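See below for the structure under consideration.
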Amino acid sequence: MRKTLKFLHTLGAIGYAGAAAALLVLHAQLPAPEDLERFAALRMAMGAVAQLILLPSIAVVLVSGLLAMAFNPAFHNAGWVWLKLIFGVLVFEGTLVSVQAPMERAALQAEAALAGDVPVAELLAPLGPEWGSLWVVLLLAVFNVVLGVWRPRSRGRPGTERAAAGGGRFGGPTA
């Protein structure tokens with residue numbers, strides 16, 4: 001069970017990072033809204049990436065991480081695990097509120113503009129906050145990966161957290 005959860009957690013993290021990187025690339029390629037067909041196509045692609053890859057990936061990461069914490073008693077008192085949980089929830093919330101929802105909304109708005117239901121002027125919203133949000137959640141996710149690999153030891157009794165979490169060289173399992 002532990003290896004399955006670790007595999008799912010790693011797979012979800014890879015999917016999340018890949019989707020975030022793809023969104024950054026697509027975002028950088030966005031033309032001015034006056035080039036409506038290309039703008040709408042990229043916005044719809046970004047909405048699809050956010051909905052079909054980004055959101056499911058972060059959900060897999062969060063759920064597999066929570067289950068790993070529940071099933072592995074060594075993680076219950078490991079401070080790095082709780083810090084990772086806090087940052088994981090921040091990444092999840094940031095993804096939902098600042099990335100995924102605005103991407104889907106922008107895709108629907110671009111599709112409506114392409115159909116002639118929305119004026120092109122409504123597509124002129126500033127893209128800076130969206131760009132910044134993508135970078136923030138991506139950096140938080142990278143921090144979480146680093147924290148999971150590095151696994152800092154507590155400053156209590158020497159070796160207690162390390163031994164409880166499996167005793168590996170970096171505080172991880174030895175097997």
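Chain labels A, B, ... are given in the sequence in which chains occur in the structure tokens; within each chain residues are numbered consecutively from 1, and ligands are likewise numbered from 1 in the order shown.
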Please provide the set of residues having any atom within 9 Å of Thr95 (chain A), restricted to only C-alpha atoms, with same-chain residues fewer than 3 positions apart removed, written as an MDAnalysis selection string. chainID A and resid 54:55 58 90:92 98:101 133:134 137
Report, in Å with one decimal, the straight-line distance from CA of Leu42 (chain A) to CA of Leu23 (chain A).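 Interatomic distance here is 9.8 Å.
When CA of Val136 (chain A) is paired with CA of Leu67 (chain A), their separation reads 25.7 Å.
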Env of region 113-127 of chain A: 8 Å cut, atoms = only C-alpha atoms, seq-sep filter 4 positions within chain, self excluded. Answer as a list in words. Pro33, Glu34, Leu36, Glu37, Ala40, Ala106, Gln109 and Trp131 of chain A
Under the rule that only C-alpha atoms are counted, which of A:Arg105, A:His76, A:Lys84, A:His9 is the nearest residue to Arg43 (chain A)? A:Arg105
